[in-house]
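Structure first, then comments.
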Amino acid sequence: MTRTSPAPAATTADAPQPRGLWHNRDFLRFWLGETVSLLGTQITNLALPLTAIGAFGATDEQVGLLRFLQLAPYLGLALVIGVWTDRARRRPVMLGANLVRLVLLALVPVLYWWHALDLPTLMVIACTVGIASVVFDVSWMSYVPVLVKSPEHYVEAGARMGAGSSAADVAGPGIAGVLVSALTAPAALIVDACSYAVSVISLLLIRTPEPRPEPAAERRLLRELKDGLGWVMHDRVLRALALTGFCCNFSMVTVWTMFLLYGTHDLHLGSTGLGAVFATASVGGLIGALISRRVIARFPLGRVYLVAQSALLLGPALIPSAAGPRPVMIGMFVLSFFATYLGLGVAGVIIVSLRQAMTPQSMMGRMTAAFRTLLFGGGALGGLSAGLLAGRIGARGALAVAAAGSAAVVIGLLVSPVSRLRVLPSSPRQVPTAAGPGR
């Protein structure tokens, strides 16, 4: 997106300039609520596995299974939920999802204090929270264009959402480490429950009317599922984004889970130390989101995507190669995650902007669901693989295997059609008649 320069005072009334998202109160409300809830999610990402390890002595395989169950609903339900969200208004759906997450996460410390919490119960709660997360995630990406309205603001909206996510990545792990140390891991989950309350309030304050989806003449679930997948897989750019995203998420969740096990069991880093590593490195994601608009405006879109995704995929190589005194090793860990988050911060803005620019509103939910299935499906399999592999060959050896596999994906980036794009498409391609609502 390009910003318009301020008009001279004498002509402002005659030629009003487009207003940016800083003047869009409903988008700002949504952005604030989502950023706060993402902050809480970062706390849960650290506190939930530490609850399993600290309270129940969970093994590497069990921690990997816990992470898998958090993300597994994306594999089985995202496409179905995507069809449903294309038939409904998104705001009520998101309100319900956040209320479910609020109640379930608040239930964990209550059960723990009543001595009624065990590892199977924790895993059921994690999976149910994951289902609610699928509902919310499939909905919010389709809802943002309703608030933003003009495609020329999609990159700006993506950059602001990315900056909010990265800010949560920066603050969340450090806060989580302190809270777990001070309150215990189960009690720290109360903060995430409160963050969802903030998101619920922000959604209730939004006043932008959401159009009612067109009624379907006939509803064929399998047909609509096929349409959503077909929309992504039959477009070479969207297909490349989705398949690369699967690999990137597999890499990131695998490395993150393995490092959590490595840091806890082999290096004996406490929750505060682990939180500090993640928080310091996450500054890279915040920087990436903040500079993304300027970088995209200055360089060809595809070249920026290639460099950013390569940084994300090559970053993990620094972790298994870290050696020497403990401060040097921790510095290399931080640098590894910093490179990964920096690449993610820039690439994420491009990916979301491309998806929104290339997809009409009537297909947005199903497109988002197809992406969520592949992206979080990769993450779910990565978490499970991390636990199984670390249990077999040790976390350090597993990190080396994961880093090599991650680096190999860069070859695919070099031939990706996304890497050859220069600018965002000006308008989405038309939905084939057979793929329209209710067809």
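Residues in the structure tokens are numbered from 1 in each chain, the chains being A, B, ... in the order shown, and ligands are numbered from 1 in the order shown.
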Do a neighbour search on segment 102-113 of chain A at 6 Å with only C-alpha atoms, toss out local chain neighbours closer than 4 positions, and write the hits as a PyMOL selection string. chain A and resi 117+186-187+190+193+196
Using only C-alpha atoms, what does the table of segment 291-311 of chain A residues within 10 Å of segment 160-183 of chain A look like, with each row giving the shortest atom pair and its distance in Å to one decimal, sorted by chain and ascending number, as CSV?
residue,atom,partner,partner_atom,distance
A:Ile291,CA,A:Ala163,CA,9.5
A:Ser292,CA,A:Gly162,CA,9.3
A:Arg293,CA,A:Arg160,CA,9.8
Those in segment 271-340 of chain A with alpha helix (DSSP H) from DSSP, as a ChimeraX atom specification: /A:271-281,283-298,301-314,326-340
Give me the residues within 7 Å of segment 388-392 of chain A as a ChimeraX atom specification, counting only C-alpha atoms and dropping any in the same chain fewer than 4 places off. /A:60-61,64,258,384,398
Given the selection you just returned, output its residues as a file containing N, CA and C atoms, formatted as a compact mmCIF listing (two decimals), in the first residue's frame.
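Below you can see part_22.txt, which holds the result:
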# COMPACT_ATOMS: atom_id res chain seq x y z
N ASP A 60 8.74 -36.86 27.30
CA ASP A 60 8.85 -36.13 26.04
C ASP A 60 7.70 -36.48 25.10
N GLU A 61 7.37 -37.77 25.02
CA GLU A 61 6.29 -38.20 24.15
C GLU A 61 4.95 -37.60 24.59
N GLY A 64 4.82 -33.95 23.63
CA GLY A 64 4.55 -33.87 22.20
C GLY A 64 3.09 -34.16 21.87
N MET A 258 10.88 -29.16 20.71
CA MET A 258 12.15 -29.81 21.04
C MET A 258 13.02 -28.93 21.92
N LEU A 384 3.83 -33.49 17.54
CA LEU A 384 3.86 -34.93 17.80
C LEU A 384 5.21 -35.52 17.41
N ALA A 398 17.47 -34.58 17.94
CA ALA A 398 16.24 -34.30 17.21
C ALA A 398 16.25 -32.90 16.63
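You can rank A:Val304, A:Leu69, A:Ala126, A:Ala369 by their closest distance to Thr41 of chain A using only C-alpha atoms, and at the top of that list sits A:Ala126.
Nearest to Met94 of chain A of all the residues A:Leu203, A:Ala402, A:Leu229, A:Ala317 is A:Leu203, counting only C-alpha atoms.
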Counting only C-alpha atoms, what is within 12 Å of segment 270-274 of chain A, bar same-chain residues fewer than 5 positions away, as a VMD selection string? chain A and resid 43 45 to 51 53 to 54 172 to 185 188 256 to 257 259 to 265 279 to 281 327 330 333 to 334
If we count only C-alpha atoms and set the cut-off at 8 Å, which residues sit around segment 305-309 of chain A, ignoring sequence neighbours fewer than 6 positions away in its own chain? Please answer as a PyMOL selection string. chain A and resi 342-344+346-347+350+410+413-414+418-419
Those same residues, written as a PDB file, in the first residue's frame with all heavy atoms?
ATOM      1  N   LEU A 342      11.834 -12.913  12.899  1.00  0.00           N
ATOM      2  CA  LEU A 342      11.965 -11.787  11.980  1.00  0.00           C
ATOM      3  C   LEU A 342      11.401 -12.155  10.613  1.00  0.00           C
ATOM      4  O   LEU A 342      10.633 -11.391  10.006  1.00  0.00           O
ATOM      5  CB  LEU A 342      13.434 -11.385  11.858  1.00  0.00           C
ATOM      6  CG  LEU A 342      13.751 -10.240  10.879  1.00  0.00           C
ATOM      7  CD1 LEU A 342      13.097  -8.944  11.328  1.00  0.00           C
ATOM      8  CD2 LEU A 342      15.271 -10.061  10.747  1.00  0.00           C
ATOM      9  N   GLY A 343      11.780 -13.334  10.115  1.00  0.00           N
ATOM     10  CA  GLY A 343      11.252 -13.793   8.836  1.00  0.00           C
ATOM     11  C   GLY A 343       9.753 -13.966   8.879  1.00  0.00           C
ATOM     12  O   GLY A 343       9.039 -13.574   7.947  1.00  0.00           O
ATOM     13  N   LEU A 344       9.244 -14.520   9.980  1.00  0.00           N
ATOM     14  CA  LEU A 344       7.802 -14.718  10.115  1.00  0.00           C
ATOM     15  C   LEU A 344       7.060 -13.392  10.149  1.00  0.00           C
ATOM     16  O   LEU A 344       5.980 -13.254   9.566  1.00  0.00           O
ATOM     17  CB  LEU A 344       7.510 -15.513  11.387  1.00  0.00           C
ATOM     18  CG  LEU A 344       6.041 -15.785  11.704  1.00  0.00           C
ATOM     19  CD1 LEU A 344       5.412 -16.661  10.629  1.00  0.00           C
ATOM     20  CD2 LEU A 344       5.909 -16.449  13.080  1.00  0.00           C
ATOM     21  N   VAL A 346       7.746 -10.556   8.684  1.00  0.00           N
ATOM     22  CA  VAL A 346       7.625  -9.964   7.344  1.00  0.00           C
ATOM     23  C   VAL A 346       6.777 -10.854   6.435  1.00  0.00           C
ATOM     24  O   VAL A 346       5.850 -10.393   5.766  1.00  0.00           O
ATOM     25  CB  VAL A 346       9.012  -9.737   6.727  1.00  0.00           C
ATOM     26  CG1 VAL A 346       8.884  -9.221   5.295  1.00  0.00           C
ATOM     27  CG2 VAL A 346       9.817  -8.748   7.571  1.00  0.00           C
ATOM     28  N   ALA A 347       7.082 -12.145   6.416  1.00  0.00           N
ATOM     29  CA  ALA A 347       6.373 -13.062   5.517  1.00  0.00           C
ATOM     30  C   ALA A 347       4.894 -13.154   5.863  1.00  0.00           C
ATOM     31  O   ALA A 347       4.047 -13.265   4.970  1.00  0.00           O
ATOM     32  CB  ALA A 347       7.007 -14.450   5.569  1.00  0.00           C
ATOM     33  N   ILE A 350       2.812 -10.514   4.139  1.00  0.00           N
ATOM     34  CA  ILE A 350       2.660 -10.798   2.705  1.00  0.00           C
ATOM     35  C   ILE A 350       1.650 -11.915   2.477  1.00  0.00           C
ATOM     36  O   ILE A 350       0.768 -11.817   1.609  1.00  0.00           O
ATOM     37  CB  ILE A 350       4.028 -11.179   2.103  1.00  0.00           C
ATOM     38  CG1 ILE A 350       4.992  -9.998   2.193  1.00  0.00           C
ATOM     39  CG2 ILE A 350       3.867 -11.640   0.648  1.00  0.00           C
ATOM     40  CD1 ILE A 350       6.403 -10.332   1.771  1.00  0.00           C
ATOM     41  N   VAL A 410      13.996 -24.588   1.672  1.00  0.00           N
ATOM     42  CA  VAL A 410      14.399 -23.383   0.941  1.00  0.00           C
ATOM     43  C   VAL A 410      14.491 -23.664  -0.559  1.00  0.00           C
ATOM     44  O   VAL A 410      14.246 -22.772  -1.385  1.00  0.00           O
ATOM     45  CB  VAL A 410      15.745 -22.850   1.480  1.00  0.00           C
ATOM     46  CG1 VAL A 410      16.238 -21.660   0.662  1.00  0.00           C
ATOM     47  CG2 VAL A 410      15.594 -22.444   2.947  1.00  0.00           C
ATOM     48  N   LEU A 413      11.290 -22.880  -2.097  1.00  0.00           N
ATOM     49  CA  LEU A 413      11.053 -21.435  -2.188  1.00  0.00           C
ATOM     50  C   LEU A 413      11.648 -20.842  -3.458  1.00  0.00           C
ATOM     51  O   LEU A 413      11.085 -19.928  -4.055  1.00  0.00           O
ATOM     52  CB  LEU A 413      11.655 -20.721  -0.977  1.00  0.00           C
ATOM     53  CG  LEU A 413      10.933 -20.841   0.364  1.00  0.00           C
ATOM     54  CD1 LEU A 413      11.738 -20.132   1.443  1.00  0.00           C
ATOM     55  CD2 LEU A 413       9.534 -20.263   0.285  1.00  0.00           C
ATOM     56  N   LEU A 414      12.798 -21.345  -3.866  1.00  0.00           N
ATOM     57  CA  LEU A 414      13.485 -20.787  -5.027  1.00  0.00           C
ATOM     58  C   LEU A 414      12.684 -20.964  -6.316  1.00  0.00           C
ATOM     59  O   LEU A 414      12.812 -20.157  -7.236  1.00  0.00           O
ATOM     60  CB  LEU A 414      14.862 -21.445  -5.174  1.00  0.00           C
ATOM     61  CG  LEU A 414      15.858 -21.163  -4.036  1.00  0.00           C
ATOM     62  CD1 LEU A 414      17.119 -22.000  -4.229  1.00  0.00           C
ATOM     63  CD2 LEU A 414      16.201 -19.684  -3.973  1.00  0.00           C
ATOM     64  N   VAL A 418       5.294 -17.664  -5.940  1.00  0.00           N
ATOM     65  CA  VAL A 418       5.157 -16.503  -5.050  1.00  0.00           C
ATOM     66  C   VAL A 418       6.427 -15.669  -5.082  1.00  0.00           C
ATOM     67  O   VAL A 418       6.383 -14.433  -5.044  1.00  0.00           O
ATOM     68  CB  VAL A 418       4.846 -16.953  -3.605  1.00  0.00           C
ATOM     69  CG1 VAL A 418       4.592 -15.736  -2.714  1.00  0.00           C
ATOM     70  CG2 VAL A 418       3.655 -17.888  -3.576  1.00  0.00           C
ATOM     71  N   SER A 419       7.575 -16.321  -5.176  1.00  0.00           N
ATOM     72  CA  SER A 419       8.856 -15.607  -5.168  1.00  0.00           C
ATOM     73  C   SER A 419       9.056 -14.765  -6.420  1.00  0.00           C
ATOM     74  O   SER A 419       9.967 -13.923  -6.459  1.00  0.00           O
ATOM     75  CB  SER A 419      10.012 -16.614  -5.033  1.00  0.00           C
ATOM     76  OG  SER A 419       9.910 -17.340  -3.823  1.00  0.00           O
TER      77      SER A 419
END
Counting only C-alpha atoms, what is within 10 Å of Ile351 of chain A, bar same-chain residues fewer than 2 positions away, as number ranges by chain? A: 155, 158, 238, 241-242, 245, 305, 344, 346-349, 353-357, 418
